[in-house]
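What follows is the content of query30.pdb, which has PDB, C-alpha atoms:
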ATOM      1  CA  MET A 190      12.348  15.157  -3.370
ATOM      2  CA  ILE A 191      10.312  16.634  -0.517
ATOM      3  CA  ARG A 192       9.816  14.595   2.644
ATOM      4  CA  ILE A 193       6.280  15.113   3.903
ATOM      5  CA  PRO A 194       5.353  14.030   7.460
ATOM      6  CA  THR A 195       2.527  11.557   7.981
ATOM      7  CA  PRO A 196       0.706  10.419  11.129
ATOM      8  CA  PHE A 197       1.379   6.792  10.192
ATOM      9  CA  GLN A 198       3.880   4.182  11.336
ATOM     10  CA  VAL A 199       5.591   4.258   7.937
ATOM     11  CA  GLY A 200       6.834   7.807   8.585
ATOM     12  CA  ASP A 201       7.466  10.499   5.977
ATOM     13  CA  VAL A 202       6.203  10.136   2.427
ATOM     14  CA  ASN A 203       8.256  11.358  -0.529
ATOM     15  CA  VAL A 204       6.771  13.878  -2.953
ATOM     16  CA  TYR A 205       8.607  14.515  -6.217
ATOM     17  CA  VAL A 206       8.390  17.672  -8.328
ATOM     18  CA  LEU A 207       8.897  17.364 -12.094
ATOM     19  CA  GLY A 208       8.433  20.870 -13.433
ATOM     20  CA  GLN A 209       4.686  21.502 -13.169
ATOM     21  CA  THR A 210       3.917  17.910 -12.132
ATOM     22  CA  LEU A 211       3.770  16.427  -8.633
ATOM     23  CA  ILE A 212       4.249  12.742  -7.984
ATOM     24  CA  ASP A 213       2.088  12.047  -4.901
ATOM     25  CA  THR A 214       1.005  14.675  -2.365
ATOM     26  CA  GLY A 215       1.148  13.512   1.254
ATOM     27  CA  PRO A 216      -1.848  13.317   3.608
ATOM     28  CA  ALA A 217      -4.269  16.171   4.305
ATOM     29  CA  THR A 218      -2.733  17.396   7.562
ATOM     30  CA  PRO A 219      -1.689  20.972   8.432
ATOM     31  CA  ASP A 220       1.967  19.927   8.826
ATOM     32  CA  ALA A 221       2.019  18.192   5.457
ATOM     33  CA  PHE A 222       0.403  21.151   3.704
ATOM     34  CA  ASN A 223       2.718  23.686   5.355
ATOM     35  CA  ILE A 224       5.866  21.804   4.391
ATOM     36  CA  LEU A 225       4.635  21.272   0.842
ATOM     37  CA  THR A 226       3.774  24.954   0.353
ATOM     38  CA  ARG A 227       7.161  26.016   1.752
ATOM     39  CA  ASN A 228       8.837  23.965  -0.960
ATOM     40  CA  VAL A 229       6.446  24.217  -3.914
ATOM     41  CA  ASP A 230       4.541  27.081  -5.533
ATOM     42  CA  LEU A 231       1.221  25.265  -5.733
ATOM     43  CA  SER A 232      -0.174  27.771  -8.232
ATOM     44  CA  SER A 233       2.380  26.453 -10.748
ATOM     45  CA  ILE A 234       1.279  22.822 -10.468
ATOM     46  CA  LYS A 235      -0.729  21.595 -13.467
ATOM     47  CA  LYS A 236      -0.705  17.822 -12.957
ATOM     48  CA  ILE A 237      -0.696  15.463  -9.976
ATOM     49  CA  LEU A 238       0.313  11.864 -10.618
ATOM     50  CA  VAL A 239      -0.707   9.481  -7.818
ATOM     51  CA  THR A 240       1.289   6.245  -7.601
ATOM     52  CA  HIS A 241      -1.502   4.386  -5.768
ATOM     53  CA  GLY A 242      -4.712   4.915  -3.839
ATOM     54  CA  HIS A 243      -3.503   5.208  -0.237
ATOM     55  CA  VAL A 244      -4.229   8.406   1.610
ATOM     56  CA  ASP A 245      -0.640   9.217   2.553
ATOM     57  CA  HIS A 246      -0.030   9.508  -1.197
ATOM     58  CA  HIS A 247      -3.204  11.308  -2.361
ATOM     59  CA  GLY A 248      -4.679  12.991   0.736
ATOM     60  CA  LEU A 249      -3.720  16.553  -0.289
ATOM     61  CA  ALA A 250      -4.707  16.140  -3.940
ATOM     62  CA  SER A 251      -8.081  17.847  -3.541
ATOM     63  CA  ARG A 252      -6.630  20.853  -1.729
ATOM     64  CA  ILE A 253      -3.829  21.260  -4.291
ATOM     65  CA  LYS A 254      -6.354  20.922  -7.118
ATOM     66  CA  MET A 255      -8.462  23.696  -5.563
ATOM     67  CA  ALA A 256      -5.391  25.935  -5.176
ATOM     68  CA  SER A 257      -3.948  25.390  -8.641
ATOM     69  CA  GLY A 258      -6.595  23.862 -10.907
ATOM     70  CA  ALA A 259      -4.266  20.905 -11.420
ATOM     71  CA  GLN A 260      -5.609  17.697 -12.947
ATOM     72  CA  VAL A 261      -5.186  14.538 -10.853
ATOM     73  CA  TYR A 262      -4.277  11.205 -12.437
ATOM     74  CA  VAL A 263      -4.303   7.716 -10.939
ATOM     75  CA  SER A 264      -4.508   4.168 -12.273
ATOM     76  CA  MET A 265      -8.016   3.057 -13.273
ATOM     77  CA  ASP A 266      -7.923   0.265 -10.687
ATOM     78  CA  ASP A 267      -7.294   2.781  -7.873
ATOM     79  CA  LEU A 268      -9.476   5.561  -9.261
ATOM     80  CA  CYS A 269     -12.378   5.019  -6.835
ATOM     81  CA  ALA A 270      -9.983   5.029  -3.879
ATOM     82  CA  VAL A 271      -9.278   8.686  -4.738
ATOM     83  CA  THR A 272     -12.580   9.906  -6.188
ATOM     84  CA  ASP A 273     -14.802   8.129  -3.626
ATOM     85  CA  TYR A 274     -12.396   8.099  -0.694
ATOM     86  CA  ARG A 275     -14.859   8.594   2.164
ATOM     87  CA  ASN A 276     -17.381   5.957   1.028
ATOM     88  CA  ARG A 277     -14.621   3.469   0.217
ATOM     89  CA  LEU A 278     -13.220   3.974   3.695
ATOM     90  CA  ALA A 279     -16.571   3.125   5.271
ATOM     91  CA  ARG A 280     -17.003   0.020   3.096
ATOM     92  CA  ASN A 281     -13.463  -1.162   3.777
ATOM     93  CA  LEU A 282     -13.961  -0.780   7.520
ATOM     94  CA  GLU A 283     -16.930  -3.131   7.443
ATOM     95  CA  CYS A 284     -14.840  -5.693   5.548
ATOM     96  CA  TYR A 285     -12.003  -5.371   8.039
ATOM     97  CA  LYS A 286     -14.340  -5.740  11.005
ATOM     98  CA  ASP A 287     -15.842  -8.918   9.562
ATOM     99  CA  PHE A 288     -12.362 -10.266   8.823
ATOM    100  CA  MET A 289     -11.120  -9.496  12.333
ATOM    101  CA  LYS A 290     -14.152 -11.136  13.954
ATOM    102  CA  LYS A 291     -13.480 -14.312  11.967
ATOM    103  CA  SER A 292      -9.805 -14.088  12.939
ATOM    104  CA  GLY A 293     -10.600 -14.464  16.648
ATOM    105  CA  VAL A 294      -9.747 -10.885  17.646
ATOM    106  CA  SER A 295     -11.257  -9.652  20.916
ATOM    107  CA  LYS A 296     -14.051  -7.058  20.961
ATOM    108  CA  LYS A 297     -11.700  -4.648  22.724
ATOM    109  CA  TYR A 298      -9.151  -4.840  19.898
ATOM    110  CA  LEU A 299     -11.924  -4.571  17.327
ATOM    111  CA  LEU A 300     -13.209  -1.342  18.876
ATOM    112  CA  LEU A 301      -9.702   0.112  19.142
ATOM    113  CA  PHE A 302      -8.977  -0.714  15.507
ATOM    114  CA  SER A 303     -12.321   0.700  14.337
ATOM    115  CA  SER A 304     -11.651   3.948  16.183
ATOM    116  CA  TYR A 305      -8.181   4.228  14.637
ATOM    117  CA  TYR A 306      -9.350   3.356  11.128
ATOM    118  CA  TRP A 307     -12.254   5.776  11.166
ATOM    119  CA  ARG A 308      -9.832   8.610  11.922
ATOM    120  CA  LEU A 309      -8.404   8.127   8.434
ATOM    121  CA  ARG A 310     -11.291  10.326   7.263
ATOM    122  CA  GLU A 311      -9.284  13.303   8.551
ATOM    123  CA  TYR A 312      -6.379  12.678   6.183
ATOM    124  CA  GLY A 313      -8.065  12.810   2.796
ATOM    125  CA  GLU A 314     -11.042  13.970   0.761
ATOM    126  CA  ASN A 315     -12.859  12.787  -2.348
ATOM    127  CA  CYS A 316     -10.994  14.208  -5.330
ATOM    128  CA  GLU A 317     -11.970  14.266  -8.984
ATOM    129  CA  ALA A 318      -9.366  12.373 -11.014
ATOM    130  CA  GLU A 319      -8.684  10.834 -14.405
ATOM    131  CA  SER A 320      -7.266   7.396 -15.121
ATOM    132  CA  LEU A 321      -3.695   6.937 -16.318
ATOM    133  CA  GLY A 322      -2.771   5.515 -19.684
ATOM    134  CA  GLU A 323       0.475   3.829 -20.702
ATOM    135  CA  LYS A 324       2.361   7.137 -21.000
ATOM    136  CA  PHE A 325       2.252  10.388 -19.056
ATOM    137  CA  GLU A 326       3.736  13.591 -20.417
ATOM    138  CA  THR A 327       5.643  16.029 -18.196
ATOM    139  CA  GLU A 328       7.942  18.988 -18.834
ATOM    140  CA  MET A 329      10.818  16.694 -17.894
ATOM    141  CA  GLY A 330       9.894  14.083 -20.500
ATOM    142  CA  SER A 331       7.549  11.183 -21.101
ATOM    143  CA  ILE A 332       6.893   8.811 -18.183
ATOM    144  CA  GLU A 333       6.185   5.141 -18.832
ATOM    145  CA  ILE A 334       3.448   3.857 -16.505
ATOM    146  CA  ILE A 335       4.290   0.355 -15.274
ATOM    147  CA  PRO A 336       1.369  -1.447 -13.561
ATOM    148  CA  THR A 337       2.578  -3.178 -10.391
ATOM    149  CA  PRO A 338      -0.544  -4.504  -8.607
ATOM    150  CA  GLY A 339      -0.179  -6.115  -5.203
ATOM    151  CA  HIS A 340       0.029  -3.384  -2.572
ATOM    152  CA  THR A 341      -3.157  -1.981  -4.109
ATOM    153  CA  PRO A 342      -4.879  -3.145  -7.312
ATOM    154  CA  GLY A 343      -3.761  -0.013  -9.150
ATOM    155  CA  SER A 344      -0.247   0.465  -7.766
ATOM    156  CA  CYS A 345       2.179   1.563 -10.443
ATOM    157  CA  CYS A 346       5.821   2.454 -10.922
ATOM    158  CA  LEU A 347       6.901   5.359 -13.116
ATOM    159  CA  LEU A 348       9.899   5.235 -15.427
ATOM    160  CA  LEU A 349      11.301   8.566 -16.604
ATOM    161  CA  GLY A 350      14.447   7.982 -18.618
ATOM    162  CA  LYS A 351      16.743   6.044 -16.290
ATOM    163  CA  THR A 352      14.887   7.027 -13.102
ATOM    164  CA  LEU A 353      12.320   4.668 -11.606
ATOM    165  CA  TYR A 354       9.784   6.164  -9.199
ATOM    166  CA  SER A 355       8.694   3.042  -7.339
ATOM    167  CA  GLY A 356       5.896   4.344  -5.074
ATOM    168  CA  ASP A 357       5.246   1.753  -2.381
ATOM    169  CA  THR A 358       5.947  -1.171  -4.709
ATOM    170  CA  LEU A 359       9.625  -1.106  -3.760
ATOM    171  CA  LEU A 360      10.815   0.453  -0.512
ATOM    172  CA  PRO A 361      14.213   0.428   1.224
ATOM    173  CA  GLY A 362      14.503  -1.116   4.658
ATOM    174  CA  ILE A 363      10.838  -2.025   5.141
ATOM    175  CA  SER A 364       8.605  -4.533   3.397
ATOM    176  CA  THR A 365       5.521  -3.315   1.578
ATOM    177  CA  ASN A 366       2.406  -5.111   2.831
ATOM    178  CA  PRO A 367       0.607  -6.500  -0.222
ATOM    179  CA  SER A 368      -2.008  -8.381   1.793
ATOM    180  CA  ILE A 369      -4.070  -5.702   3.528
ATOM    181  CA  ASN A 370      -6.296  -5.044   0.486
ATOM    182  CA  ALA A 371      -6.295  -8.711  -0.519
ATOM    183  CA  ILE A 372      -8.830  -9.352   2.270
ATOM    184  CA  PHE A 373     -11.544  -7.937   0.024
ATOM    185  CA  ASP A 374      -9.878  -7.519  -3.396
ATOM    186  CA  GLU A 375      -8.474 -10.512  -5.285
ATOM    187  CA  ARG A 376      -6.439  -8.172  -7.510
ATOM    188  CA  CYS A 377      -4.084  -7.628  -4.554
ATOM    189  CA  GLY A 378      -1.927  -9.956  -2.537
ATOM    190  CA  LEU A 379       1.410 -11.719  -2.262
ATOM    191  CA  GLU A 380       1.214 -13.580  -5.556
ATOM    192  CA  GLN A 381       0.346 -10.441  -7.548
ATOM    193  CA  TYR A 382       2.976  -8.419  -5.679
ATOM    194  CA  GLN A 383       5.718 -10.965  -6.318
ATOM    195  CA  ASP A 384       4.821 -10.970 -10.018
ATOM    196  CA  SER A 385       5.117  -7.157  -9.988
ATOM    197  CA  LEU A 386       8.538  -7.308  -8.326
ATOM    198  CA  LYS A 387       9.732  -9.734 -10.982
ATOM    199  CA  ARG A 388       8.410  -7.373 -13.650
ATOM    200  CA  ILE A 389      10.400  -4.373 -12.402
ATOM    201  CA  ALA A 390      13.464  -6.572 -11.896
ATOM    202  CA  THR A 391      13.671  -6.688 -15.713
ATOM    203  CA  LEU A 392      14.171  -2.891 -15.816
ATOM    204  CA  SER A 393      17.595  -1.235 -15.708
ATOM    205  CA  PRO A 394      17.205   2.161 -14.007
ATOM    206  CA  LYS A 395      20.237   4.112 -12.823
ATOM    207  CA  GLU A 396      18.333   5.200  -9.712
ATOM    208  CA  THR A 397      15.166   4.097  -7.936
ATOM    209  CA  LEU A 398      13.261   6.713  -5.939
ATOM    210  CA  PRO A 399      10.668   5.195  -3.571
ATOM    211  CA  GLY A 400       7.514   6.485  -1.908
ATOM    212  CA  HIS A 401       9.166   6.319   1.526
ATOM    213  CA  GLY A 402      12.792   6.367   2.631
ATOM    214  CA  GLY A 403      15.961   7.088   0.698
ATOM    215  CA  LYS A 404      17.123   6.218  -2.791
ATOM    216  CA  ILE A 405      17.493   2.506  -3.573
ATOM    217  CA  GLU A 406      20.950   1.937  -5.029
ATOM    218  CA  ASP A 407      20.394  -1.595  -6.363
ATOM    219  CA  HIS A 408      16.733  -2.316  -7.068
ATOM    220  CA  ARG A 409      17.355  -5.954  -8.057
ATOM    221  CA  LYS A 410      19.195  -6.639  -4.813
ATOM    222  CA  ARG A 411      16.319  -5.105  -2.864
ATOM    223  CA  ILE A 412      13.814  -7.262  -4.769
ATOM    224  CA  ARG A 413      15.822 -10.381  -3.921
ATOM    225  CA  GLU A 414      15.818  -9.353  -0.261
ATOM    226  CA  ILE A 415      12.037  -8.919  -0.226
ATOM    227  CA  LEU A 416      11.393 -12.246  -1.941
ATOM    228  CA  SER A 417      13.721 -13.898   0.579
ATOM    229  CA  GLU A 418      11.766 -12.266   3.423
ATOM    230  CA  HIS A 419       8.535 -13.655   1.965
ATOM    231  CA  LYS A 420      10.063 -17.124   1.806
ATOM    232  CA  GLY A 421      11.236 -16.886   5.424
ATOM    233  CA  ARG A 422       7.824 -15.662   6.595
ATOM    234  CA  LYS A 423       6.127 -18.521   4.752
ATOM    235  CA  GLU A 424       8.393 -21.067   6.481
ATOM    236  CA  LYS A 425       7.711 -19.450   9.858
ATOM    237  CA  ILE A 426       3.955 -19.727   9.277
ATOM    238  CA  ILE A 427       4.273 -23.384   8.288
ATOM    239  CA  ASN A 428       6.237 -24.039  11.486
ATOM    240  CA  SER A 429       3.519 -22.311  13.539
ATOM    241  CA  LEU A 430       0.852 -24.762  12.361
ATOM    242  CA  SER A 431      -0.057 -28.068  13.923
ATOM    243  CA  GLY A 432      -2.649 -30.787  13.347
ATOM    244  CA  LYS A 433      -4.924 -29.027  15.815
ATOM    245  CA  PRO A 434      -7.021 -26.190  14.282
ATOM    246  CA  GLN A 435      -5.908 -22.686  15.295
ATOM    247  CA  THR A 436      -7.490 -19.275  14.831
ATOM    248  CA  LEU A 437      -5.803 -16.713  12.610
ATOM    249  CA  LYS A 438      -5.076 -14.659  15.736
ATOM    250  CA  ASP A 439      -3.196 -17.644  17.206
ATOM    251  CA  VAL A 440      -1.105 -18.098  14.069
ATOM    252  CA  SER A 441      -0.405 -14.365  13.807
ATOM    253  CA  LYS A 442       0.742 -14.162  17.426
ATOM    254  CA  LYS A 443       3.217 -16.995  16.882
ATOM    255  CA  VAL A 444       4.610 -15.266  13.812
ATOM    256  CA  PHE A 445       4.528 -11.575  14.809
ATOM    257  CA  GLY A 446       4.049 -11.602  18.594
ATOM    258  CA  ASP A 447       1.779  -8.990  20.188
ATOM    259  CA  VAL A 448       1.057  -6.065  17.859
ATOM    260  CA  PRO A 449      -0.822  -2.808  18.581
ATOM    261  CA  PRO A 450      -4.403  -2.284  17.322
ATOM    262  CA  THR A 451      -3.141   0.046  14.579
ATOM    263  CA  GLU A 452      -1.027  -2.744  13.087
ATOM    264  CA  ILE A 453      -3.078  -5.856  13.846
ATOM    265  CA  THR A 454      -4.846  -6.069  10.480
ATOM    266  CA  LEU A 455      -1.479  -5.926   8.698
ATOM    267  CA  ALA A 456      -0.235  -8.936  10.655
ATOM    268  CA  LEU A 457      -3.475 -10.894  10.296
ATOM    269  CA  ALA A 458      -3.780 -10.130   6.588
ATOM    270  CA  GLU A 459      -0.231 -11.198   5.782
ATOM    271  CA  CYS A 460      -0.662 -14.488   7.641
ATOM    272  CA  TYR A 461      -4.008 -15.093   5.938
ATOM    273  CA  ASP A 462      -2.517 -14.382   2.512
ATOM    274  CA  HIS A 463       0.313 -16.864   3.095
ATOM    275  CA  LEU A 464      -2.142 -19.453   4.418
ATOM    276  CA  ARG A 465      -4.342 -19.178   1.337
ATOM    277  CA  ILE A 466      -1.290 -19.881  -0.808
ATOM    278  CA  LEU A 467      -0.351 -22.808   1.456
ATOM    279  CA  GLU A 468      -3.871 -24.168   1.019
ATOM    280  CA  LYS A 469      -3.458 -24.053  -2.772
ATOM    281  CA  GLU A 470      -0.191 -25.949  -2.354
ATOM    282  CA  GLY A 471      -1.891 -28.612  -0.232
ATOM    283  CA  ILE A 472       0.175 -27.765   2.863
ATOM    284  CA  ALA A 473      -2.507 -26.133   5.041
ATOM    285  CA  GLU A 474      -6.250 -26.501   5.456
ATOM    286  CA  ILE A 475      -8.617 -23.593   6.057
ATOM    287  CA  THR A 476     -12.082 -24.015   7.506
ATOM    288  CA  GLU A 477     -14.541 -21.178   7.953
ATOM    289  CA  ASP A 478     -17.778 -20.843   9.904
ATOM    290  CA  THR A 479     -18.039 -18.049  12.445
ATOM    291  CA  GLU A 480     -14.217 -18.058  12.618
ATOM    292  CA  TYR A 481     -11.305 -19.049  10.387
ATOM    293  CA  HIS A 482      -9.364 -22.104  11.535
ATOM    294  CA  PHE A 483      -6.084 -23.387  10.138
ATOM    295  CA  ARG A 484      -4.128 -26.573  10.508
ATOM    296  CA  ILE A 485      -1.265 -28.389   8.810
ATOM    297  CA  VAL A 486      -2.404 -31.102   6.396
TER     298      VAL A 486
END
Write-out of the structure in C-alpha cells:
Amino acid sequence: MIRIPTPFQVGDVNVYVLGQTLIDTGPATPDAFNILTRNVDLSSIKKILVTHGHVDHHGLASRIKMASGAQVYVSMDDLCAVTDYRNRLARNLECYKDFMKKSGVSKKYLLLFSSYYWRLREYGENCEAESLGEKFETEMGSIEIIPTPGHTPGSCCLLLGKTLYSGDTLLPGISTNPSINAIFDERCGLEQYQDSLKRIATLSPKETLPGHGGKIEDHRKRIREILSEHKGRKEKIINSLSGKPQTLKDVSKKVFGDVPPTEITLALAECYDHLRILEKEGIAEITEDTEYHFRIV
C-alpha cells in the first residue's frame, strides 16, 4: 500500500500495487505524482483498476497511462466520470448550484462553493478507459468485481482471494457519503449504499483494505457501525423537524451545525437523502417551488 496525499478533507488515498496492476492512482498533483514515482516504476504498470469515479482515485490515471501505456479500467456506470471528467465536472457544478439555491444557501456561500468546486479541474484529466467485467486478471490472481453502488453509481469492491479492496464503500473511522451524487443520479444514495453494505457483509475476507485509512480488521463490525450511524442520523433529522416548514439549510444546521463551504453540499445532500426516505415512509413532507421546504407530517 502507498499512501498518496490529497488536497481534500479526507486526507491520503491508498494506492495498491499488484504486480503490474495499480488499484487507484491518487489525484493529479505534483506531490501525489512524486510520491507515486518514488515507490512505483511506472514504466512497468500495464493496468490501472479504478474503484470508482472520484478524482482522488483516478486523477493521475491519464499521466500514468502516458508514461507506461497502461490500460485503465473502471465500472461502466462510472466510465464517463473518468473519460469525460472535465465536462462532467461542469455539468455537476450546475446541478449543485441549483440544489444549493433551493436549499436556502446564501449567495456568498454559493460563490465560495463554486470557486472551490471549479478548482477540482486541477486534480484530474479526461482519460481513455474501458469498462470492467465480472472478473479482472492480474499477475497476483483473478479479482472478482463486486458492484457496490451508493457512493457513486459505479463504485465497486475488489475481492482477490481472501483480500477485499473496499475503495470508498467501506472506510475505517469515517463514514462514506453516499448522498452527494444522489442529488442528480438516482443510482446513488443511502438506500443503494446500505444494500451494498449488506452485500459485502456476506463475504468472508481475512483482511479488508480501504481507499483511505488503515486496514479494517472486522468488516462486518464496521458495517454494523455505519448502519447504526445512519439510524442515529435519521433520528436526529426527525427530531429537527416541526410542523412549521423549514428550508434544507435550516434542517442541516440543526443536524450538523455550521460547516465550511467546502463541506456544505455533503451536509445538505445527506439531510436531503434522509428526508426523501422519510417522505416515502410518510414521516416528513417535502414541498418544492423556488426552495425546498420540509416539515413533520
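Ranking A:Pro394, A:Gly343, A:Gly403, A:Gly330 by their shortest atom-to-atom distance to Gln381 (chain A), with only C-alpha atoms included, puts A:Gly343 first.
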request  = Between A:Ala221, A:Leu268, A:Leu211, A:Ile334, single out the one closest to Thr195 (chain A), counting only C-alpha atoms.
outcome  = A:Ala221
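Between Arg388 (chain A) and the residues A:Ser257, A:Thr337, A:Glu459, A:Glu406, the shortest atom-to-atom distance, using all atoms listed in the file, involves A:Thr337.
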message = Taking the file as I've supplied it (selection: the PyMOL selection byres ((chain A and resi 196-208) around 9)), which residues are included? Please answer as a ChimeraX atom specification.
response = /A:190-195,209-216,218,225,229,233-234,245-246,312,327-329,354,356,363,398-403,451-452
Those selected residues, please, written with C-alpha atoms and delivered as an mmCIF file, in the frame of the given file.
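The result, written out as part-v1.cif:
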data_model
loop_
_atom_site.group_PDB
_atom_site.id
_atom_site.type_symbol
_atom_site.label_atom_id
_atom_site.label_comp_id
_atom_site.auth_asym_id
_atom_site.auth_seq_id
_atom_site.Cartn_x
_atom_site.Cartn_y
_atom_site.Cartn_z
ATOM 1 C CA MET A 190 12.348 15.157 -3.370
ATOM 2 C CA ILE A 191 10.312 16.634 -0.517
ATOM 3 C CA ARG A 192 9.816 14.595 2.644
ATOM 4 C CA ILE A 193 6.280 15.113 3.903
ATOM 5 C CA PRO A 194 5.353 14.030 7.460
ATOM 6 C CA THR A 195 2.527 11.557 7.981
ATOM 7 C CA GLN A 209 4.686 21.502 -13.169
ATOM 8 C CA THR A 210 3.917 17.910 -12.132
ATOM 9 C CA LEU A 211 3.770 16.427 -8.633
ATOM 10 C CA ILE A 212 4.249 12.742 -7.984
ATOM 11 C CA ASP A 213 2.088 12.047 -4.901
ATOM 12 C CA THR A 214 1.005 14.675 -2.365
ATOM 13 C CA GLY A 215 1.148 13.512 1.254
ATOM 14 C CA PRO A 216 -1.848 13.317 3.608
ATOM 15 C CA THR A 218 -2.733 17.396 7.562
ATOM 16 C CA LEU A 225 4.635 21.272 0.842
ATOM 17 C CA VAL A 229 6.446 24.217 -3.914
ATOM 18 C CA SER A 233 2.380 26.453 -10.748
ATOM 19 C CA ILE A 234 1.279 22.822 -10.468
ATOM 20 C CA ASP A 245 -0.640 9.217 2.553
ATOM 21 C CA HIS A 246 -0.030 9.508 -1.197
ATOM 22 C CA TYR A 312 -6.379 12.678 6.183
ATOM 23 C CA THR A 327 5.643 16.029 -18.196
ATOM 24 C CA GLU A 328 7.942 18.988 -18.834
ATOM 25 C CA MET A 329 10.818 16.694 -17.894
ATOM 26 C CA TYR A 354 9.784 6.164 -9.199
ATOM 27 C CA GLY A 356 5.896 4.344 -5.074
ATOM 28 C CA ILE A 363 10.838 -2.025 5.141
ATOM 29 C CA LEU A 398 13.261 6.713 -5.939
ATOM 30 C CA PRO A 399 10.668 5.195 -3.571
ATOM 31 C CA GLY A 400 7.514 6.485 -1.908
ATOM 32 C CA HIS A 401 9.166 6.319 1.526
ATOM 33 C CA GLY A 402 12.792 6.367 2.631
ATOM 34 C CA GLY A 403 15.961 7.088 0.698
ATOM 35 C CA THR A 451 -3.141 0.046 14.579
ATOM 36 C CA GLU A 452 -1.027 -2.744 13.087
#
Selection near Leu347 (chain A), 7 Å with only C-alpha atoms, sequence-local residues under 3 positions removed, as a PyMOL selection string = chain A and resi 332-335+353-355
Output C-alpha atoms for every residue in the selection just made, as a PDB file, keeping the file's coordinate frame.
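What follows is the written file again_27.pdb:
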ATOM      1  CA  ILE A 332       6.893   8.811 -18.183  1.00  0.00           C
ATOM      2  CA  GLU A 333       6.185   5.141 -18.832  1.00  0.00           C
ATOM      3  CA  ILE A 334       3.448   3.857 -16.505  1.00  0.00           C
ATOM      4  CA  ILE A 335       4.290   0.355 -15.274  1.00  0.00           C
ATOM      5  CA  LEU A 353      12.320   4.668 -11.606  1.00  0.00           C
ATOM      6  CA  TYR A 354       9.784   6.164  -9.199  1.00  0.00           C
ATOM      7  CA  SER A 355       8.694   3.042  -7.339  1.00  0.00           C
TER       8      SER A 355
END
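In this comparison, which uses all atoms listed in the file, the residue of A:Val244, A:Ser232, A:Phe483, A:Met289 approaching Gly432 (chain A) most closely is A:Phe483.
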ask   = Using all atoms listed in the file, can you list as a list in words the residues within 10 Å of (-3.5, 26.5, -7.2)?
value = Asp230, Leu231, Ser232, Ser233, Ile234, Lys235, Arg252, Ile253, Lys254, Met255, Ala256, Ser257, Gly258 and Ala259 of chain A
query = Taking into account all atoms listed in the file, which residue in the set A:Val294, A:Val448, A:Ala371, A:Leu359 is nearest to Asp407 (chain A)?
reply = A:Leu359
remark   = Min atom-atom distance to Arg277 (chain A) from the set A:Asn370, A:Asn428, A:Thr358, A:Gln260, counting only C-alpha atoms, belongs to A:Asn370
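On the file presented, the PyMOL selection byres ((chain A and resi 287) around 12) picks out Arg280, Asn281, Leu282, Glu283, Cys284, Tyr285, Lys286, Phe288, Met289, Lys290, Lys291, Ser292, Gly293, Val294, Lys296, Leu299, Ser303, Ile372, Phe373, Thr454, Thr479, Glu480 and Tyr481 of chain A.
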If we count all atoms listed in the file and set the cut-off at 6 Å, which residues sit around region 315-326 of chain A, ignoring sequence neighbours fewer than 2 positions away in its own chain? Please answer as a PDB file with C-alpha atoms, in the frame of the given file.
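What ended up in selection.pdb:
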ATOM      1  CA  SER A 251      -8.081  17.847  -3.541  1.00  0.00           C
ATOM      2  CA  VAL A 261      -5.186  14.538 -10.853  1.00  0.00           C
ATOM      3  CA  TYR A 262      -4.277  11.205 -12.437  1.00  0.00           C
ATOM      4  CA  VAL A 263      -4.303   7.716 -10.939  1.00  0.00           C
ATOM      5  CA  SER A 264      -4.508   4.168 -12.273  1.00  0.00           C
ATOM      6  CA  MET A 265      -8.016   3.057 -13.273  1.00  0.00           C
ATOM      7  CA  VAL A 271      -9.278   8.686  -4.738  1.00  0.00           C
ATOM      8  CA  THR A 272     -12.580   9.906  -6.188  1.00  0.00           C
ATOM      9  CA  ASP A 273     -14.802   8.129  -3.626  1.00  0.00           C
ATOM     10  CA  TYR A 274     -12.396   8.099  -0.694  1.00  0.00           C
ATOM     11  CA  SER A 331       7.549  11.183 -21.101  1.00  0.00           C
ATOM     12  CA  ILE A 332       6.893   8.811 -18.183  1.00  0.00           C
ATOM     13  CA  GLU A 333       6.185   5.141 -18.832  1.00  0.00           C
ATOM     14  CA  ILE A 334       3.448   3.857 -16.505  1.00  0.00           C
TER      15      ILE A 334
END
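What separates CA of Val486 (chain A) from CA of Gly421 (chain A) is a distance of 19.7 Å.
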request  = Output the residue selection produced by the PyMOL selection byres ((chain A and resi 413) around 12) on the file above, formatted as a PyMOL selection string.
outcome  = chain A and resi 359+364+383+386-387+389-390+407-412+414-420
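Counting from CA of Ala279 (chain A), the distance to CA of Leu309 (chain A) is 10.1 Å.
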message = Neighbouring residues of region 467-471 of chain A were defined as those with any atom within 10 Å, considering only C-alpha atoms; residues of the same chain fewer than 5 positions away were excluded. Please report them as number ranges by chain.
response = A: 423, 426-427, 461-462, 483-486
How big is the axis-aligned box, and where does its centre sit, when it encloses all atoms of region 216-232 of chain A listed in the file and has 6 Å added on every side, reported in Å to one decimal as JSON?
{"center_x": 2.3, "center_y": 20.5, "center_z": 0.3, "size_x": 25.1, "size_y": 26.5, "size_z": 29.1}
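Here CA of Cys345 (chain A) stands at a distance of 24.2 Å from CA of Phe222 (chain A).
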Need a file for region 262-281 of chain A from that block: C-alpha atoms, written as a compact mmCIF listing (two decimals), in the first residue's frame.
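Generated output (out23.txt):
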# COMPACT_ATOMS: atom_id res chain seq x y z
CA TYR A 262 -10.45 0.11 -16.28
CA VAL A 263 -13.47 1.39 -14.37
CA SER A 264 -17.07 0.27 -13.88
CA MET A 265 -19.39 1.09 -16.80
CA ASP A 266 -21.54 3.26 -14.54
CA ASP A 267 -18.54 5.45 -13.63
CA LEU A 268 -16.86 5.34 -17.04
CA CYS A 269 -17.90 8.86 -18.09
CA ALA A 270 -16.64 10.28 -14.79
CA VAL A 271 -13.14 9.24 -15.92
CA THR A 272 -13.29 9.60 -19.70
CA ASP A 273 -15.24 12.89 -19.70
CA TYR A 274 -14.03 14.28 -16.39
CA ARG A 275 -13.88 17.98 -17.26
CA ASN A 276 -17.33 18.18 -18.89
CA ARG A 277 -18.91 16.09 -16.13
CA LEU A 278 -17.43 18.46 -13.57
CA ALA A 279 -19.03 21.45 -15.27
CA ARG A 280 -22.42 19.72 -15.52
CA ASN A 281 -22.29 18.58 -11.90
